[in-house]
>>> print(open('protein19.txt').read())   # compact mmCIF, C-alpha atoms
# COMPACT_ATOMS: atom_id res chain seq x y z
CA MET A 1 -28.16 -4.38 15.98
CA THR A 2 -25.55 -2.87 18.28
CA LEU A 3 -22.37 -1.65 16.66
CA GLN A 4 -19.25 -3.57 17.69
CA GLN A 5 -15.58 -2.87 17.40
CA TYR A 6 -12.77 -5.42 17.23
CA MET A 7 -9.03 -4.73 17.35
CA GLU A 8 -6.04 -6.82 16.42
CA THR A 9 -2.47 -6.12 15.38
CA ILE A 10 -1.04 -8.37 12.69
CA SER A 11 2.69 -8.69 12.05
CA VAL A 12 3.94 -8.74 8.47
CA ASP A 13 7.39 -10.09 7.54
CA LEU A 14 8.92 -8.03 4.78
CA LYS A 15 12.27 -8.04 2.99
CA VAL A 16 14.45 -5.09 1.96
CA GLY A 17 12.25 -2.44 0.35
CA PRO A 18 10.41 -1.93 -1.70
CA ASP A 19 8.92 -5.28 -0.70
CA ILE A 20 5.21 -5.85 -1.21
CA ARG A 21 3.12 -8.49 0.55
CA ASP A 22 -0.50 -9.55 0.11
CA VAL A 23 -2.27 -9.45 3.50
CA THR A 24 -5.84 -9.97 2.27
CA GLY A 25 -6.07 -13.44 3.80
CA GLU A 26 -4.86 -12.22 7.20
CA LEU A 27 -7.29 -9.29 7.14
CA ASN A 28 -10.24 -11.53 6.22
CA GLN A 29 -9.17 -13.74 9.13
CA VAL A 30 -9.33 -10.69 11.44
CA VAL A 31 -12.84 -9.95 10.15
CA ALA A 32 -13.82 -13.56 10.92
CA SER A 33 -12.34 -13.33 14.43
CA ALA A 34 -14.28 -10.09 14.92
CA GLY A 35 -17.53 -11.86 14.13
CA ILE A 36 -18.55 -8.73 12.23
CA ARG A 37 -20.49 -9.21 9.00
CA ASP A 38 -21.00 -5.63 7.82
CA GLY A 39 -19.03 -2.45 8.46
CA VAL A 40 -15.57 -1.16 7.75
CA LEU A 41 -11.99 -2.31 8.35
CA ALA A 42 -9.28 0.27 9.06
CA ALA A 43 -5.61 -0.72 8.85
CA SER A 44 -2.65 1.50 9.76
CA VAL A 45 1.01 0.60 9.48
CA VAL A 46 3.04 1.19 12.66
CA GLY A 47 6.36 2.74 11.61
CA SER A 48 7.40 5.55 9.29
CA THR A 49 8.89 3.46 6.45
CA GLY A 50 5.85 1.31 5.68
CA SER A 51 2.70 1.85 3.65
CA VAL A 52 -0.52 0.10 2.60
CA THR A 53 -2.59 0.12 -0.60
CA THR A 54 -4.39 -2.31 -2.94
CA ILE A 55 -3.13 -3.92 -6.16
CA GLU A 56 -3.75 -6.89 -8.38
CA TYR A 57 -1.20 -9.07 -6.64
CA GLU A 58 0.58 -10.79 -9.52
CA PRO A 59 4.36 -10.72 -10.21
CA GLY A 60 4.08 -8.24 -13.09
CA VAL A 61 2.20 -5.53 -11.18
CA VAL A 62 4.41 -6.12 -8.13
CA ALA A 63 7.55 -5.49 -10.24
CA ASP A 64 5.99 -2.48 -11.99
CA LEU A 65 4.91 -0.91 -8.70
CA LYS A 66 8.37 -1.41 -7.13
CA ARG A 67 9.91 0.42 -10.08
CA ALA A 68 7.42 3.29 -9.83
CA ILE A 69 8.00 3.60 -6.06
CA ASN A 70 11.74 3.87 -6.65
CA ARG A 71 11.09 6.62 -9.20
CA LEU A 72 9.15 8.65 -6.57
CA ALA A 73 12.24 8.76 -4.36
CA PRO A 74 15.26 6.97 -5.88
CA PRO A 75 17.54 5.08 -3.44
CA GLY A 76 20.66 6.59 -5.05
CA ASP A 77 19.71 10.27 -4.61
CA ASP A 78 21.06 12.61 -1.92
CA TYR A 79 18.84 12.93 1.15
CA ALA A 80 19.10 15.42 4.00
CA HIS A 81 17.96 12.66 6.37
CA GLU A 82 21.06 10.72 5.31
CA GLN A 83 23.39 13.64 6.05
CA ALA A 84 22.25 13.62 9.67
CA TRP A 85 21.53 9.97 10.38
CA HIS A 86 23.64 7.88 7.95
CA ASP A 87 21.24 4.97 8.05
CA GLY A 88 20.87 4.83 4.27
CA ASN A 89 17.07 5.01 4.25
CA GLY A 90 16.30 8.63 3.26
CA HIS A 91 14.40 7.38 0.21
CA SER A 92 12.40 4.96 2.38
CA HIS A 93 10.94 7.77 4.47
CA VAL A 94 9.91 9.81 1.45
CA GLN A 95 8.37 6.85 -0.39
CA ALA A 96 6.31 5.81 2.64
CA ALA A 97 5.08 9.36 3.29
CA LEU A 98 3.92 9.74 -0.33
CA MET A 99 2.14 6.35 -0.32
CA GLY A 100 0.45 6.85 3.06
CA PRO A 101 0.22 4.60 6.15
CA SER A 102 -3.49 3.81 6.23
CA ILE A 103 -6.38 2.30 4.31
CA GLN A 104 -9.98 1.46 5.02
CA ILE A 105 -12.03 -1.16 3.19
CA ALA A 106 -15.72 -1.95 3.40
CA VAL A 107 -16.72 -5.23 5.08
CA ARG A 108 -19.79 -6.92 3.61
CA ASP A 109 -21.15 -10.42 4.34
CA GLY A 110 -18.20 -11.16 6.61
CA ARG A 111 -15.47 -10.34 4.08
CA LEU A 112 -13.56 -7.36 2.67
CA LEU A 113 -15.43 -5.96 -0.34
CA LEU A 114 -12.66 -5.96 -2.94
CA GLY A 115 -12.57 -6.52 -6.69
CA THR A 116 -11.86 -10.03 -7.95
CA TRP A 117 -8.30 -9.06 -8.80
CA GLN A 118 -7.76 -6.62 -5.95
CA GLN A 119 -5.65 -7.43 -2.88
CA VAL A 120 -4.60 -5.38 0.13
CA VAL A 121 -0.81 -5.12 0.31
CA VAL A 122 1.60 -3.88 2.96
CA ILE A 123 4.82 -2.35 1.64
CA ASN A 124 8.19 -2.09 3.36
CA HIS A 125 10.23 0.82 2.02
CA ASP A 126 13.12 0.44 4.48
CA ASN A 127 16.60 -0.61 3.41
CA ARG A 128 16.50 -3.62 5.68
CA SER A 129 14.03 -6.42 6.29
CA ARG A 130 11.33 -5.56 8.81
CA LYS A 131 8.59 -7.24 10.78
CA ARG A 132 5.86 -4.61 10.37
CA PRO A 133 3.01 -4.32 12.86
CA VAL A 134 -0.26 -3.32 11.19
CA ALA A 135 -3.04 -2.19 13.54
CA VAL A 136 -6.47 -3.36 12.41
CA THR A 137 -9.79 -2.02 13.69
CA VAL A 138 -13.11 -3.44 12.45
CA THR A 139 -16.28 -1.48 13.20
CA GLY A 140 -19.70 -2.91 12.35
CA THR A 141 -22.43 -5.38 13.18
CA MET B 1 -27.34 8.84 21.21
CA THR B 2 -26.67 5.36 19.88
CA LEU B 3 -24.10 5.08 17.13
CA GLN B 4 -25.50 3.92 13.80
CA GLN B 5 -23.95 2.54 10.65
CA TYR B 6 -25.32 2.77 7.13
CA MET B 7 -23.97 1.05 4.02
CA GLU B 8 -24.56 1.65 0.34
CA THR B 9 -22.63 0.95 -2.84
CA ILE B 10 -22.77 3.63 -5.51
CA SER B 11 -21.88 2.98 -9.13
CA VAL B 12 -19.77 5.52 -11.00
CA ASP B 13 -19.62 5.65 -14.82
CA LEU B 14 -16.14 6.51 -15.99
CA LYS B 15 -14.48 6.82 -19.38
CA VAL B 16 -11.02 5.64 -20.47
CA GLY B 17 -8.47 6.64 -17.80
CA PRO B 18 -7.41 8.79 -16.37
CA ASP B 19 -11.03 9.91 -16.04
CA ILE B 20 -12.08 11.90 -13.00
CA ARG B 21 -15.65 12.30 -11.74
CA ASP B 22 -17.12 14.41 -8.94
CA VAL B 23 -19.18 12.17 -6.63
CA THR B 24 -19.77 14.68 -3.81
CA GLY B 25 -23.48 14.95 -4.61
CA GLU B 26 -23.97 11.18 -4.57
CA LEU B 27 -22.07 10.86 -1.28
CA ASN B 28 -24.11 13.62 0.38
CA GLN B 29 -27.19 11.75 -0.84
CA VAL B 30 -25.91 8.60 0.89
CA VAL B 31 -25.43 10.61 4.10
CA ALA B 32 -29.02 11.85 3.79
CA SER B 33 -30.32 8.30 3.23
CA ALA B 34 -28.32 7.21 6.28
CA GLY B 35 -30.11 9.76 8.42
CA ILE B 36 -26.77 10.40 10.13
CA ARG B 37 -25.93 13.98 11.08
CA ASP B 38 -22.49 13.63 12.63
CA GLY B 39 -19.76 11.06 12.15
CA VAL B 40 -17.54 9.85 9.37
CA LEU B 41 -18.00 8.55 5.82
CA ALA B 42 -15.62 5.92 4.46
CA ALA B 43 -15.50 5.20 0.72
CA SER B 44 -13.47 2.45 -0.95
CA VAL B 45 -13.25 1.76 -4.68
CA VAL B 46 -13.94 -1.85 -5.66
CA GLY B 47 -11.37 -2.84 -8.30
CA SER B 48 -7.60 -2.46 -8.65
CA THR B 49 -7.52 0.25 -11.34
CA GLY B 50 -9.61 2.90 -9.55
CA SER B 51 -8.82 5.49 -6.88
CA VAL B 52 -10.44 8.23 -4.84
CA THR B 53 -9.23 11.63 -3.58
CA THR B 54 -10.43 15.25 -3.32
CA ILE B 55 -9.81 18.17 -5.70
CA GLU B 56 -11.26 21.50 -6.68
CA TYR B 57 -13.39 20.06 -9.46
CA GLU B 58 -12.91 22.55 -12.30
CA PRO B 59 -11.65 21.76 -15.83
CA GLY B 60 -8.15 23.21 -15.21
CA VAL B 61 -7.34 21.13 -12.12
CA VAL B 62 -8.90 18.06 -13.74
CA ALA B 63 -6.59 18.43 -16.77
CA ASP B 64 -3.55 19.16 -14.60
CA LEU B 65 -4.19 16.14 -12.38
CA LYS B 66 -4.64 13.81 -15.37
CA ARG B 67 -1.26 14.92 -16.68
CA ALA B 68 0.42 14.39 -13.31
CA ILE B 69 -1.14 10.92 -12.97
CA ASN B 70 0.23 9.97 -16.38
CA ARG B 71 3.68 11.14 -15.26
CA LEU B 72 3.55 8.80 -12.24
CA ALA B 73 3.18 5.81 -14.57
CA PRO B 74 3.19 6.75 -18.27
CA PRO B 75 0.88 4.72 -20.54
CA GLY B 76 3.66 4.29 -23.13
CA ASP B 77 6.26 2.69 -20.82
CA ASP B 78 7.10 -1.00 -20.64
CA TYR B 79 5.28 -2.90 -17.89
CA ALA B 80 5.92 -6.42 -16.62
CA HIS B 81 2.16 -6.82 -16.16
CA GLU B 82 1.82 -6.22 -19.89
CA GLN B 83 4.37 -8.92 -20.78
CA ALA B 84 2.20 -11.50 -19.05
CA TRP B 85 -1.35 -10.30 -19.62
CA HIS B 86 -1.33 -8.15 -22.78
CA ASP B 87 -4.32 -6.12 -21.68
CA GLY B 88 -2.56 -2.79 -22.11
CA ASN B 89 -3.25 -1.50 -18.61
CA GLY B 90 0.05 -1.93 -16.78
CA HIS B 91 0.19 1.82 -16.12
CA SER B 92 -3.39 1.76 -14.78
CA HIS B 93 -2.49 -0.66 -11.99
CA VAL B 94 0.53 1.37 -10.90
CA GLN B 95 -1.31 4.70 -10.98
CA ALA B 96 -4.20 3.36 -8.88
CA ALA B 97 -1.88 1.75 -6.32
CA LEU B 98 0.04 5.01 -5.86
CA MET B 99 -3.16 7.07 -5.49
CA GLY B 100 -4.87 4.64 -3.12
CA PRO B 101 -8.39 3.13 -3.13
CA SER B 102 -9.91 4.72 -0.03
CA ILE B 103 -10.82 7.97 1.65
CA GLN B 104 -12.70 9.01 4.73
CA ILE B 105 -14.36 12.38 5.25
CA ALA B 106 -15.97 13.87 8.35
CA VAL B 107 -19.78 14.23 8.37
CA ARG B 108 -21.11 17.27 10.22
CA ASP B 109 -24.68 18.61 10.30
CA GLY B 110 -25.79 15.99 7.80
CA ARG B 111 -23.20 16.77 5.12
CA LEU B 112 -19.58 16.00 4.22
CA LEU B 113 -17.30 18.57 5.84
CA LEU B 114 -15.33 19.75 2.81
CA GLY B 115 -13.84 23.08 1.78
CA THR B 116 -15.91 25.38 -0.41
CA TRP B 117 -13.86 24.38 -3.46
CA GLN B 118 -13.20 20.78 -2.48
CA GLN B 119 -14.97 17.84 -4.06
CA VAL B 120 -14.61 14.08 -3.67
CA VAL B 121 -13.63 12.47 -6.97
CA VAL B 122 -13.43 8.88 -8.16
CA ILE B 123 -10.76 8.18 -10.77
CA ASN B 124 -10.66 5.44 -13.39
CA HIS B 125 -7.10 4.58 -14.41
CA ASP B 126 -8.05 1.68 -16.69
CA ASN B 127 -7.57 1.75 -20.47
CA ARG B 128 -11.26 1.19 -21.05
CA SER B 129 -14.43 2.76 -19.72
CA ARG B 130 -15.63 1.25 -16.44
CA LYS B 131 -18.66 1.31 -14.20
CA ARG B 132 -16.91 1.51 -10.83
CA PRO B 133 -18.59 0.34 -7.65
CA VAL B 134 -17.66 2.47 -4.64
CA ALA B 135 -18.56 1.00 -1.23
CA VAL B 136 -19.70 3.68 1.21
CA THR B 137 -20.01 3.21 4.99
CA VAL B 138 -21.29 6.03 7.21
CA THR B 139 -20.78 5.70 10.99
CA GLY B 140 -22.28 8.24 13.36
CA THR B 141 -25.36 9.58 15.07
CA MET C 1 -18.91 -1.42 26.37
CA THR C 2 -20.95 0.94 24.25
CA LEU C 3 -19.18 2.44 21.26
CA GLN C 4 -18.74 6.20 21.45
CA GLN C 5 -17.88 8.85 18.91
CA TYR C 6 -16.19 12.16 19.54
CA MET C 7 -15.68 15.01 17.06
CA GLU C 8 -13.42 18.03 17.08
CA THR C 9 -11.90 20.29 14.45
CA ILE C 10 -8.35 21.42 15.04
CA SER C 11 -6.81 24.39 13.25
CA VAL C 12 -3.26 24.11 11.92
CA ASP C 13 -1.17 27.19 11.08
CA LEU C 14 0.94 26.56 8.01
CA LYS C 15 3.33 28.66 5.93
CA VAL C 16 3.69 28.83 2.15
CA GLY C 17 3.70 25.28 0.76
CA PRO C 18 4.98 22.78 0.89
CA ASP C 19 4.91 23.33 4.64
CA ILE C 20 4.75 20.34 6.95
CA ARG C 21 3.63 20.39 10.57
CA ASP C 22 3.60 17.69 13.24
CA VAL C 23 0.09 17.44 14.76
CA THR C 24 0.57 14.26 16.79
CA GLY C 25 0.37 16.13 20.08
CA GLU C 26 -2.88 17.87 19.13
CA LEU C 27 -4.41 14.59 17.94
CA ASN C 28 -3.46 12.76 21.14
CA GLN C 29 -5.06 15.66 23.01
CA VAL C 30 -8.27 15.10 21.01
CA VAL C 31 -8.16 11.41 21.95
CA ALA C 32 -7.79 12.43 25.62
CA SER C 33 -10.72 14.85 25.36
CA ALA C 34 -12.76 12.07 23.74
CA GLY C 35 -12.16 9.84 26.73
CA ILE C 36 -11.77 6.96 24.29
CA ARG C 37 -9.11 4.34 25.05
CA ASP C 38 -9.43 1.98 22.11
CA GLY C 39 -10.70 2.50 18.58
CA VAL C 40 -9.73 4.53 15.57
CA LEU C 41 -9.07 8.20 14.79
CA ALA C 42 -10.01 9.61 11.39
CA ALA C 43 -8.64 12.98 10.27
CA SER C 44 -9.58 14.81 7.07
CA VAL C 45 -8.18 18.12 5.87
CA VAL C 46 -10.81 20.72 4.96
CA GLY C 47 -9.66 22.41 1.74
CA SER C 48 -8.33 21.21 -1.60
CA THR C 49 -4.68 22.26 -1.19
CA GLY C 50 -3.89 20.39 2.03
CA SER C 51 -2.96 16.80 2.81
CA VAL C 52 -2.11 14.51 5.72
CA THR C 53 0.31 11.59 6.14
CA THR C 54 2.90 10.26 8.62
CA ILE C 55 6.67 10.79 8.67
CA GLU C 56 9.61 10.72 11.04
CA TYR C 57 9.37 14.40 11.87
CA GLU C 58 13.00 15.54 11.81
CA PRO C 59 14.46 18.35 9.66
CA GLY C 60 16.13 15.99 7.16
CA VAL C 61 13.00 14.00 6.27
CA VAL C 62 10.95 17.21 6.21
CA ALA C 63 13.35 18.75 3.65
CA ASP C 64 13.50 15.54 1.60
CA LEU C 65 9.72 15.21 1.50
CA LYS C 66 9.26 18.84 0.43
CA ARG C 67 11.62 18.25 -2.47
CA ALA C 68 9.81 15.07 -3.52
CA ILE C 69 6.42 16.81 -3.33
CA ASN C 70 7.70 19.56 -5.61
CA ARG C 71 8.86 16.91 -8.07
CA LEU C 72 5.35 15.44 -8.22
CA ALA C 73 4.00 18.78 -9.47
CA PRO C 74 6.70 21.45 -9.85
CA PRO C 75 5.66 25.03 -8.98
CA GLY C 76 7.28 26.37 -12.16
CA ASP C 77 5.36 24.20 -14.65
CA ASP C 78 2.40 25.32 -16.77
CA TYR C 79 -0.99 24.50 -15.28
CA ALA C 80 -4.41 24.70 -16.93
CA HIS C 81 -5.83 25.83 -13.56
CA GLU C 82 -3.48 28.81 -13.78
CA GLN C 83 -4.68 29.76 -17.26
CA ALA C 84 -8.20 30.20 -15.93
CA TRP C 85 -7.71 31.42 -12.37
CA HIS C 86 -4.30 33.13 -12.23
CA ASP C 87 -3.87 32.43 -8.52
CA GLY C 88 -0.50 30.75 -8.97
CA ASN C 89 -1.39 27.53 -7.15
CA GLY C 90 -1.94 25.02 -9.96
CA HIS C 91 0.83 22.84 -8.56
CA SER C 92 -0.74 23.02 -5.05
CA HIS C 93 -3.96 21.40 -6.23
CA VAL C 94 -2.17 18.56 -8.00
CA GLN C 95 0.20 17.87 -5.10
CA ALA C 96 -2.63 17.73 -2.56
CA ALA C 97 -4.77 15.45 -4.76
CA LEU C 98 -1.89 13.00 -5.19
CA MET C 99 -1.09 12.95 -1.44
CA GLY C 100 -4.71 12.62 -0.31
CA PRO C 101 -6.76 14.53 2.29
CA SER C 102 -7.38 11.82 4.88
CA ILE C 103 -5.77 9.35 7.24
CA GLN C 104 -6.93 7.01 9.95
CA ILE C 105 -4.79 5.75 12.81
CA ALA C 106 -5.53 3.11 15.45
CA VAL C 107 -6.12 4.32 19.02
CA ARG C 108 -4.87 1.95 21.73
CA ASP C 109 -4.61 2.59 25.49
CA GLY C 110 -5.73 6.18 25.03
CA ARG C 111 -3.12 7.15 22.43
CA LEU C 112 -2.47 6.94 18.70
CA LEU C 113 -0.67 3.68 17.89
CA LEU C 114 2.33 5.00 15.96
CA GLY C 115 5.95 3.91 15.64
CA THR C 116 8.50 5.51 17.95
CA TRP C 117 9.73 7.74 15.11
CA GLN C 118 6.39 8.20 13.36
CA GLN C 119 4.38 11.41 13.56
CA VAL C 120 1.16 12.54 11.90
CA VAL C 121 1.77 15.63 9.76
CA VAL C 122 -0.54 18.08 8.00
CA ILE C 123 0.84 19.59 4.79
CA ASN C 124 -0.06 22.89 3.18
CA HIS C 125 0.58 22.84 -0.57
CA ASP C 126 -0.85 26.30 -1.25
CA ASN C 127 1.28 29.23 -2.41
CA ARG C 128 0.27 31.29 0.60
CA SER C 129 0.14 30.64 4.32
CA ARG C 130 -3.04 28.99 5.51
CA LYS C 131 -4.86 28.17 8.71
CA ARG C 132 -6.04 24.67 7.86
CA PRO C 133 -9.02 23.11 9.60
CA VAL C 134 -8.62 19.37 10.13
CA ALA C 135 -11.77 17.48 11.10
CA VAL C 136 -11.11 14.72 13.61
CA THR C 137 -13.51 11.88 14.47
CA VAL C 138 -12.63 9.29 17.13
CA THR C 139 -14.73 6.11 17.28
CA GLY C 140 -14.21 3.59 20.06
CA THR C 141 -14.71 2.69 23.70
>>> encode(input="protein19.txt", output="structure tokens")
Amino acid sequence: MTLQQYMETISVDLKVGPDIRDVTGELNQVVASAGIRDGVLAASVVGSTGSVTTIEYEPGVVADLKRAINRLAPPGDDYAHEQAWHDGNGHSHVQAALMGPSIQIAVRDGRLLLGTWQQVVVINHDNRSRKRPVAVTVTGT
Amino acid sequence: MTLQQYMETISVDLKVGPDIRDVTGELNQVVASAGIRDGVLAASVVGSTGSVTTIEYEPGVVADLKRAINRLAPPGDDYAHEQAWHDGNGHSHVQAALMGPSIQIAVRDGRLLLGTWQQVVVINHDNRSRKRPVAVTVTGT
Amino acid sequence: MTLQQYMETISVDLKVGPDIRDVTGELNQVVASAGIRDGVLAASVVGSTGSVTTIEYEPGVVADLKRAINRLAPPGDDYAHEQAWHDGNGHSHVQAALMGPSIQIAVRDGRLLLGTWQQVVVINHDNRSRKRPVAVTVTGT
């Protein structure tokens, strides 16, 4: 079968960071729109204060992960970015860079191949609410 | 030449986390089975307490990395996940989310293009031994 | 349209780590050479003491990120790798493993789809300057 590629950008509403949202449903919807049964889905966050990973999306893990993210780069610390720009989000930039802006997940039988308790999440690290574009590319048959 | 895609899921036996295993040989075997000489290999861990990265796989780095992972989210801390689920693996979820579940490595001349002392490793962060499925997709010619 | 794939390895000059370099221009040049307008770009660092992510590439964020990276695995700590190899870069290996060696970014209209203040950076964590090969694979139409 000939390899196909399908592209779509989803928009994710996120509150003041760290805010974590489950986008598994939206991504499976993109796979369905692609009409691709088997291949790989790549997602990259557009913007330097967002990131993407997978977690078991339940309130406990969400709270635990937020705390750990704020330990990586605490909001109250001094940041050189802040000295120059005064936008209060020095920690946001560092957190997002350490987490990384991209992920890729296998697509099998028309769905993301994830564990039963594994969801794809987009994270806003910024100090204000953001509508985050996430570029999705599905490659497969 | 027409672009091809090949899919396989490997299974990785891992002990109580953090446990780190070199899967470079298995992945090069998948590339060989794919019959693909040039392209890219994507690997994603199935399950929310596993991760994948590259290291120089020698006992020193393995020990150092385990220690650093346990600093990111110490096993002895209090976790909200634990309050609700009592399965003792709150730290595992946070560690895996920070490390990330996916990687992609260039394939050149029928092999992963890695440094001489660079291996792909799968990590189990869970508090019990796990057989971890890793979904592999190779795209190329 | 038939899916194409284009491969190129760029070489990035980096100083003693953590050193952070913006490679967005080089990657967009690879996309132009590929003649691919829409798809996805995958980049993987060759070598176990390098990593890749995105940041707002301005001096403040660069300084803040270097500090955070050195908190993840401080150069002055004791490392088991050091006990065996005495090359002084135990922290480099741990930092690079935690950051991750690969990224993939959407390509749209012949360019990487990034935020206005978002650049792709390659990081050298090693304790000496390095010329880092980064393998780039562009898949698309």
>>> atom_distance(input="protein19.txt", atom1="atom CA of Ala43 of chain B", atom2="atom CA of Gly115 of chain B")
18.0 Å
>>> interface_residues(input="protein19.txt", of="chain B", to="chain A", cutoff="8 Å", atoms="all atoms listed in the file", output="VMD selection string")
chain B and resid 3 to 5 7 42 to 49 72 to 73 79 to 84 90 93 to 94 96 to 103 135 to 137
>>> atom_distance(input="protein19.txt", atom1="atom CA of Arg132 of chain C", atom2="atom CA of Val134 of chain A")
28.8 Å
>>> atom_distance(input="protein19.txt", atom1="atom CA of Gly17 of chain C", atom2="atom CA of Asp77 of chain A")
22.6 Å
